[in-house]
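**Q** Got a structure here, written out as structure tokens. Questions coming.
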2 protein chains.
Amino acid sequence: MGAAQNGCGPMIPPLSESSRPLRQQIFERVRAAGTMPRVQVARELSVSPATVTTLTSELIELGLLEEVAAPREADTGRGRPAVALGVRAAAHLVVGIKLSDREHTAVIVDFAGNLVADVARPRVPGPTELPALVDATEALVQEVCAKAGVEPARLSAVGLGLPGFVDSELGLVHWSPILAARHVPLAATVAARLGLAVHVDNDANLVTLAELWFGAGRRLSDFAVVTIEHGVGMGFVLNHRIYRGARGLGMELGHTKVQLDGALCRCGQRGCLEAYVADYALAREATTALNWGGREAQPVNILLESLYDHAKAGNAAARSIFHRAGRFLALGLANVVNLFDPELIILSGERMRYDYLYANETLAEIKALALNTGREAPRIEIHAWGDLLWAHGAAALALSEITEGLLGQVREMAAQ
Amino acid sequence: MGAAQNGCGPMIPPLSESSRPLRQQIFERVRAAGTMPRVQVARELSVSPATVTTLTSELIELGLLEEVAAPREADTGRGRPAVALGVRAAAHLVVGIKLSDREHTAVIVDFAGNLVADVARPRVPGPTELPALVDATEALVQEVCAKAGVEPARLSAVGLGLPGFVDSELGLVHWSPILAARHVPLAATVAARLGLAVHVDNDANLVTLAELWFGAGRRLSDFAVVTIEHGVGMGFVLNHRIYRGARGLGMELGHTKVQLDGALCRCGQRGCLEAYVADYALAREATTALNWGGREAQPVNILLESLYDHAKAGNAAARSIFHRAGRFLALGLANVVNLFDPELIILSGERMRYDYLYANETLAEIKALALNTGREAPRIEIHAWGDLLWAHGAAALALSEITEGLLGQVREMAAQ
């Protein structure tokens, strides 16, 4: 990037990076770093300090950034105190909510992502009617606002995550294990009730957004997040943004087929990855392996704890269940590598406690199944986070929509 | 997009579209349409005519666009003749080359993609040393230039495609069936010999670029191309650009695993999709099915023609080979749908003549294996194109690199 680049040499910067508007790149660098002096922004993006000054003044005018005191190491001690750029934390407050099978959680955060308050409410598992879900959502917003001492009218937006097939762009929930109806315009329905902008997404994308805004995204522009809980989900960050597939319903890694005519999946099809590695897949084999006929009604987490204990104690059948799940997980992750070639894959979810799933042999098998190009394999990190993190991701969804809207305005203003 | 959009409503335009610089969107609309009046550009992009006038004058100054007479239907017959925008065809000449196992092909095209001349040269199959490949490339450039009556010095760039694992950004060929060495800096080596900018990519991406510049890309911003020939390749167009994976070596659909511990692949691993559907996979089963022991030395295309004839004549073993290949192809394509959710998948390559591979039952199986969201399945089109198209794609690679460079310059100028 930069005027010295003629674009015709064999070495050019990645298209994706150079094609993003500079204002957005500046905002994202500052957000990721927390604070950053203008001169460092100019250096990292290889543009002139004058350009950075012009563009950041627009971002400040729009309320996205503000001037803050620079961290001590940037202060030379000479002349006036050093100034850096930071995200204007007070600009917006948003609520992030994760609706799930066993409990709902909500957080309230400021524009810089700082947590202001959080609440959690257990619920009766299973699908529910839409009006009841909207009631529950409204109650959560009121409760978390009360705990934070914030008027709901002060909120700028609400981010809402739930499991299932969600079209985030259209705000539609095509199917969710916690909703009785299909093709529900959830965003619009909740927005009408709350009188607030509402954005929805599936739960794997929430974890990915949390990583993008508050975790790995501070260092990397492209990475994958794979969640293993009751199902198997995936989120992908492409060029600092979450990628949801061309028509908004992609990244369903859990339903990619890893075996023709294979194991039966909850979705009704056969051979899906999650039919080999998700909670319910391990649980149904556990009832066979542990001779637990008649005890299927037990909560799945109790069953899995017992299976795990038996495997650790050397039970061959229990071990073989985790072993096979680990091998299929390796196959699924290798396919992610072969298709997306990410620098990092984050494995996330409660089930990551079962270290059989990511034992050394599983990690070795990923390498054996991924394309042998001679380059180093992508890093794989384990983040065993809970529902509060997912709610934080829902807040990041709201924050990112606000940011997109503001950056869209400044771009249009500048073009005219 | 647009100032009226506050960004907080539940309905926002796709992030990918609104985040692309307007100049680039204007250039791509005009290129895709052939010619387009300014007023139509403004309407399609929902920006003011004044903005379009400002930005297009920059694009004209840079030599990317020019004013042309508008097509008749846009001419109202009143006042001065209507003027439209078009890509400036004379701005650049580029050569596109496909190096492959059985022959090399080259084309020379202008900046609007019009074919000026083409040549094809048969070669002895198998891997060759780098110097011999560079010699062959230089000879092709000279030959196609001579045929076109163009001095090689007038060329702006060369696009070069070959099968294998290619890092386009770095110009590296990690492995190719036609190169004896690994990790070859092919772009730099050929560039040094020719004294020209050289860009390399794998052959599946060439077909995808050809579709992007001259085919489906004229209508769609996102689609997948799957090639089935000696191997199985994939290209993906994301937001009007080719996507090569986060680190440049993704989209290796042919080496995604569709069976744990499955059929042996040329790459040395087991269970790769191409080990079930590519030429060599069918050929090795054909020698068994047709009891052709000792005839393995025959060219693979002769063997496959015979297998196809036997299948059509009702030979059960021959039919079962195509049947299984078709089912695994369906599984691979369903996985593309589940991950990328494209509007269109184009199946390309010589092997598409074997209609067993895409018979109605295969297409039905894709639907059965893809996620059931209640929406319409993506369209699947068959394009049985030859090597000349692939060379055209190599030319498109050169054209897109030139365009990227020029758009990068104008963006930087505008920012300062």
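Note on naming: chains are A, B, ... as they come in the structure tokens, residues start from 1 per chain, ligands start from 1 in the order shown.
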Run DSSP on the backbone and tell me which residues of stretch 51-109 of chain B come out as strand (DSSP E or B); list them as number ranges by chain.
**A** B: 65-69, 83-87, 93-99, 103-109
**Q** For the residues in the current selection, export C-alpha atoms as a PDB file, in the first residue's frame.
**A**
ATOM      1  CA  LEU B  65     -11.913   4.165 -17.618  1.00  0.00           C
ATOM      2  CA  GLU B  66     -12.794   6.255 -20.680  1.00  0.00           C
ATOM      3  CA  GLU B  67     -15.888   7.923 -22.066  1.00  0.00           C
ATOM      4  CA  VAL B  68     -17.618   6.007 -24.833  1.00  0.00           C
ATOM      5  CA  ALA B  69     -20.820   6.443 -26.798  1.00  0.00           C
ATOM      6  CA  VAL B  83     -22.087   9.283 -23.070  1.00  0.00           C
ATOM      7  CA  ALA B  84     -21.263   6.205 -21.000  1.00  0.00           C
ATOM      8  CA  LEU B  85     -18.226   4.900 -19.162  1.00  0.00           C
ATOM      9  CA  GLY B  86     -16.174   1.955 -20.388  1.00  0.00           C
ATOM     10  CA  VAL B  87     -12.907   0.258 -19.486  1.00  0.00           C
ATOM     11  CA  LEU B  93      -1.876  -5.552 -23.064  1.00  0.00           C
ATOM     12  CA  VAL B  94      -1.178  -8.658 -20.993  1.00  0.00           C
ATOM     13  CA  VAL B  95      -0.273 -12.263 -21.671  1.00  0.00           C
ATOM     14  CA  GLY B  96      -1.984 -15.143 -19.869  1.00  0.00           C
ATOM     15  CA  ILE B  97      -0.406 -18.592 -19.816  1.00  0.00           C
ATOM     16  CA  LYS B  98      -1.617 -21.967 -18.595  1.00  0.00           C
ATOM     17  CA  LEU B  99       1.172 -24.463 -18.045  1.00  0.00           C
ATOM     18  CA  GLU B 103       0.161 -28.805 -23.252  1.00  0.00           C
ATOM     19  CA  HIS B 104       0.912 -25.163 -22.605  1.00  0.00           C
ATOM     20  CA  THR B 105      -1.441 -22.434 -23.839  1.00  0.00           C
ATOM     21  CA  ALA B 106      -1.035 -18.657 -24.037  1.00  0.00           C
ATOM     22  CA  VAL B 107      -3.297 -15.733 -24.897  1.00  0.00           C
ATOM     23  CA  ILE B 108      -2.738 -12.014 -25.304  1.00  0.00           C
ATOM     24  CA  VAL B 109      -5.644  -9.748 -24.307  1.00  0.00           C
TER      25      VAL B 109
END
**Q** Residues within 8 Å of B:Val237, please, as a compact mmCIF listing (two decimals) with C-alpha atoms, in the first residue's frame. Count only C-alpha atoms; anything in the same chain fewer than 3 positions from it doesn't count.
**A**
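Dumped to selection-v4.txt:
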# COMPACT_ATOMS: atom_id res chain seq x y z
CA THR B 208 -12.34 -18.68 -11.22
CA LEU B 212 -14.98 -13.35 -12.35
CA SER B 221 -20.33 -10.87 -6.29
CA ASP B 222 -19.94 -14.27 -4.59
CA PHE B 223 -19.70 -17.73 -6.13
CA ALA B 224 -17.69 -20.94 -6.05
CA HIS B 240 -15.95 -9.49 -6.36
CA ARG B 241 -12.48 -10.76 -5.46
CA ILE B 242 -10.84 -14.12 -5.48
CA TYR B 243 -10.31 -15.46 -1.96
**Q** Could you check which of B:Val190, B:Leu170, B:Leu344, B:Leu209 is closest to chain A, using only C-alpha atoms?
**A**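 Ranked by minimum distance to chain A, first place goes to B:Leu170.
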**Q** Work out how far apart atom CA of B:Thr256 and atom CA of A:Asn335 are and give it in Å to one decimal.
**A**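 Computing the Euclidean distance for atom CA of B:Thr256 and atom CA of A:Asn335 yields 4.9 Å.
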**Q** Extract, using only C-alpha atoms, all DNA, RNA and protein residues at most 9 Å from A:Val336, discarding same-chain residues fewer than 3 positions from it, and format them as a PyMOL selection string.
**A** (chain A and resi 224+253+331-333+339-342+345+370) or (chain B and resi 250+256)
**Q** Grab the residues selected above and save them as an mmCIF file, in the first residue's frame with N, CA and C atoms.
**A**
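What follows is the written file again18.cif:
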data_model
loop_
_atom_site.group_PDB
_atom_site.id
_atom_site.type_symbol
_atom_site.label_atom_id
_atom_site.label_comp_id
_atom_site.auth_asym_id
_atom_site.auth_seq_id
_atom_site.Cartn_x
_atom_site.Cartn_y
_atom_site.Cartn_z
ATOM 1 N N ALA A 224 -9.957 -18.694 12.795
ATOM 2 C CA ALA A 224 -11.176 -19.491 12.907
ATOM 3 C C ALA A 224 -11.444 -19.796 14.370
ATOM 4 N N LEU A 253 -19.848 -25.795 10.101
ATOM 5 C CA LEU A 253 -18.874 -26.885 10.158
ATOM 6 C C LEU A 253 -19.483 -28.138 10.776
ATOM 7 N N LEU A 331 -10.143 -34.527 11.793
ATOM 8 C CA LEU A 331 -10.500 -34.497 10.375
ATOM 9 C C LEU A 331 -11.232 -33.189 10.039
ATOM 10 N N GLY A 332 -12.190 -32.830 10.878
ATOM 11 C CA GLY A 332 -12.938 -31.591 10.642
ATOM 12 C C GLY A 332 -12.037 -30.368 10.674
ATOM 13 N N LEU A 333 -11.122 -30.341 11.639
ATOM 14 C CA LEU A 333 -10.224 -29.188 11.747
ATOM 15 C C LEU A 333 -9.234 -29.155 10.587
ATOM 16 N N LEU A 339 -9.217 -25.634 3.629
ATOM 17 C CA LEU A 339 -10.059 -24.678 2.909
ATOM 18 C C LEU A 339 -9.726 -23.232 3.239
ATOM 19 N N PHE A 340 -9.480 -22.930 4.528
ATOM 20 C CA PHE A 340 -9.354 -21.525 4.925
ATOM 21 C C PHE A 340 -7.925 -21.105 5.240
ATOM 22 N N ASP A 341 -7.040 -22.058 5.441
ATOM 23 C CA ASP A 341 -5.626 -21.774 5.681
ATOM 24 C C ASP A 341 -5.414 -20.689 6.743
ATOM 25 N N PRO A 342 -6.064 -20.817 7.912
ATOM 26 C CA PRO A 342 -5.939 -19.767 8.923
ATOM 27 C C PRO A 342 -4.609 -19.860 9.677
ATOM 28 N N ILE A 345 -6.434 -21.442 14.910
ATOM 29 C CA ILE A 345 -7.769 -21.976 15.180
ATOM 30 C C ILE A 345 -7.949 -21.989 16.689
ATOM 31 N N ALA A 370 -3.910 -32.381 7.275
ATOM 32 C CA ALA A 370 -3.877 -31.092 6.580
ATOM 33 C C ALA A 370 -2.855 -31.170 5.462
ATOM 34 N N GLY B 250 -5.407 -21.684 0.742
ATOM 35 C CA GLY B 250 -6.646 -22.365 1.104
ATOM 36 C C GLY B 250 -7.393 -22.888 -0.110
ATOM 37 N N THR B 256 -9.708 -31.943 1.017
ATOM 38 C CA THR B 256 -10.511 -32.092 2.234
ATOM 39 C C THR B 256 -10.827 -33.580 2.359
#
**Q** Using DSSP on the backbone coordinates, identify the residues of stretch 149-289 of chain B assigned to helix (DSSP H, G or I); present them as number ranges by chain.
**A** B: 152-154, 186-194, 203-214, 216-218, 253-255, 274-277, 279-289
**Q** Skip B:Leu304 itself and residues of its chain fewer than 4 positions away, then list as a ChimeraX atom specification all residues within 8 Å of it, counting only C-alpha atoms.
**A** /B:279,282-283,286,300,308
**Q** Could you write out the selected residues, including N, CA and C atoms, as a tab-separated table (two decimals), in the first residue's frame?
**A**
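The new file part.tsv reads:
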chain	number	residue	atom	x	y	z
B	279	ASP	N	-9.64	-37.84	-12.17
B	279	ASP	CA	-9.27	-38.75	-13.25
B	279	ASP	C	-8.55	-40.00	-12.76
B	282	LEU	N	-10.68	-42.54	-10.82
B	282	LEU	CA	-11.55	-43.37	-11.66
B	282	LEU	C	-10.70	-44.36	-12.45
B	283	ALA	N	-9.55	-43.91	-12.94
B	283	ALA	CA	-8.72	-44.76	-13.81
B	283	ALA	C	-8.23	-45.99	-13.05
B	286	ALA	N	-10.94	-48.32	-12.80
B	286	ALA	CA	-11.31	-48.83	-14.13
B	286	ALA	C	-10.47	-50.04	-14.49
B	300	VAL	N	-4.67	-41.92	-19.55
B	300	VAL	CA	-5.82	-41.96	-18.67
B	300	VAL	C	-7.11	-41.60	-19.41
B	308	TYR	N	-16.41	-45.05	-19.55
B	308	TYR	CA	-17.66	-44.33	-19.79
B	308	TYR	C	-18.54	-45.11	-20.76
**Q** With distances taken over only C-alpha atoms, which residue among B:Ala318, B:Ala32, B:Val207, B:Ala157 lies nearest chain A?
**A**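 So, comparing all the options, the nearest one is B:Ala157.
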**Q** Of the residues B:Gly393, B:Gly34, B:Pro299, B:Gly245, which is the one nearest to chain A, using only C-alpha atoms?
**A**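 Result for the nearest residue to chain A: B:Gly245.
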**Q** Between B:Gly314, B:Pro152, B:Pro127, B:Gly161, which has the minimum distance to B:Ile178 (counting only C-alpha atoms)?
**A**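 Distance minimum relative to B:Ile178 lands on B:Pro127.
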**Q** From the list B:Val150, B:Ala82, B:Leu133, B:Val337, which residue is nearest chain A when using only C-alpha atoms?
**A**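 For chain A, the nearest of the given residues is B:Val337.
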**Q** Tell me, as a list of chain:residue names, which residues lie within 10 Å of B:Val200, counting only C-alpha atoms; anything in the same chain fewer than 4 positions away does not count.
**A**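 Surrounding residues, per the criterion: A:Pro10, B:Gly96, B:Ile97, B:Lys98, B:Val158, B:Gly159, B:Leu160, B:Gly161, B:Leu162, B:Val166, B:Asp167, B:Ser168, B:Glu169, B:Leu170, B:Gly171, B:Leu172, B:Val173, B:Pro185, B:Leu186, B:Ala187, B:Ala188, B:Val190, B:Asn205, B:Leu206, B:Ala394, B:Leu397, B:Ala398.
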**Q** Dump C-alpha atoms for the selected residues as a PDB file, in the first residue's frame?
**A**
ATOM      1  CA  PRO A  10       5.312  -9.752  -8.319  1.00  0.00           C
TER       2      PRO A  10
ATOM      3  CA  GLY B  96      -1.984 -15.143 -19.869  1.00  0.00           C
ATOM      4  CA  ILE B  97      -0.406 -18.592 -19.816  1.00  0.00           C
ATOM      5  CA  LYS B  98      -1.617 -21.967 -18.595  1.00  0.00           C
ATOM      6  CA  VAL B 158       2.111 -11.698 -17.484  1.00  0.00           C
ATOM      7  CA  GLY B 159      -0.253 -14.050 -15.629  1.00  0.00           C
ATOM      8  CA  LEU B 160       0.931 -17.611 -15.191  1.00  0.00           C
ATOM      9  CA  GLY B 161      -1.137 -20.553 -13.996  1.00  0.00           C
ATOM     10  CA  LEU B 162      -0.149 -24.118 -13.202  1.00  0.00           C
ATOM     11  CA  VAL B 166       0.706 -22.079  -5.290  1.00  0.00           C
ATOM     12  CA  ASP B 167       1.104 -19.060  -3.005  1.00  0.00           C
ATOM     13  CA  SER B 168      -0.019 -16.320  -5.372  1.00  0.00           C
ATOM     14  CA  GLU B 169       0.825 -13.477  -3.047  1.00  0.00           C
ATOM     15  CA  LEU B 170       4.445 -14.554  -2.617  1.00  0.00           C
ATOM     16  CA  GLY B 171       4.751 -15.917  -6.159  1.00  0.00           C
ATOM     17  CA  LEU B 172       5.843 -19.291  -4.765  1.00  0.00           C
ATOM     18  CA  VAL B 173       5.044 -22.738  -6.141  1.00  0.00           C
ATOM     19  CA  PRO B 185       9.964 -18.624  -6.530  1.00  0.00           C
ATOM     20  CA  LEU B 186       8.424 -18.936  -9.988  1.00  0.00           C
ATOM     21  CA  ALA B 187       7.017 -15.395 -10.324  1.00  0.00           C
ATOM     22  CA  ALA B 188      10.355 -13.750  -9.547  1.00  0.00           C
ATOM     23  CA  VAL B 190      10.126 -15.657 -14.815  1.00  0.00           C
ATOM     24  CA  ASN B 205      -8.017 -19.981  -9.420  1.00  0.00           C
ATOM     25  CA  LEU B 206      -7.435 -19.186 -13.110  1.00  0.00           C
ATOM     26  CA  ALA B 394      -4.259 -16.162 -16.332  1.00  0.00           C
ATOM     27  CA  LEU B 397      -4.901 -12.455 -13.059  1.00  0.00           C
ATOM     28  CA  ALA B 398      -2.517  -9.979 -14.716  1.00  0.00           C
TER      29      ALA B 398
END
**Q** Restricting the calculation to only C-alpha atoms: of A:Cys145, A:Ile402, A:Ala153, A:Ala181, which residue gets closest to chain B?
**A**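 Distance minimum relative to chain B lands on A:Ile402.
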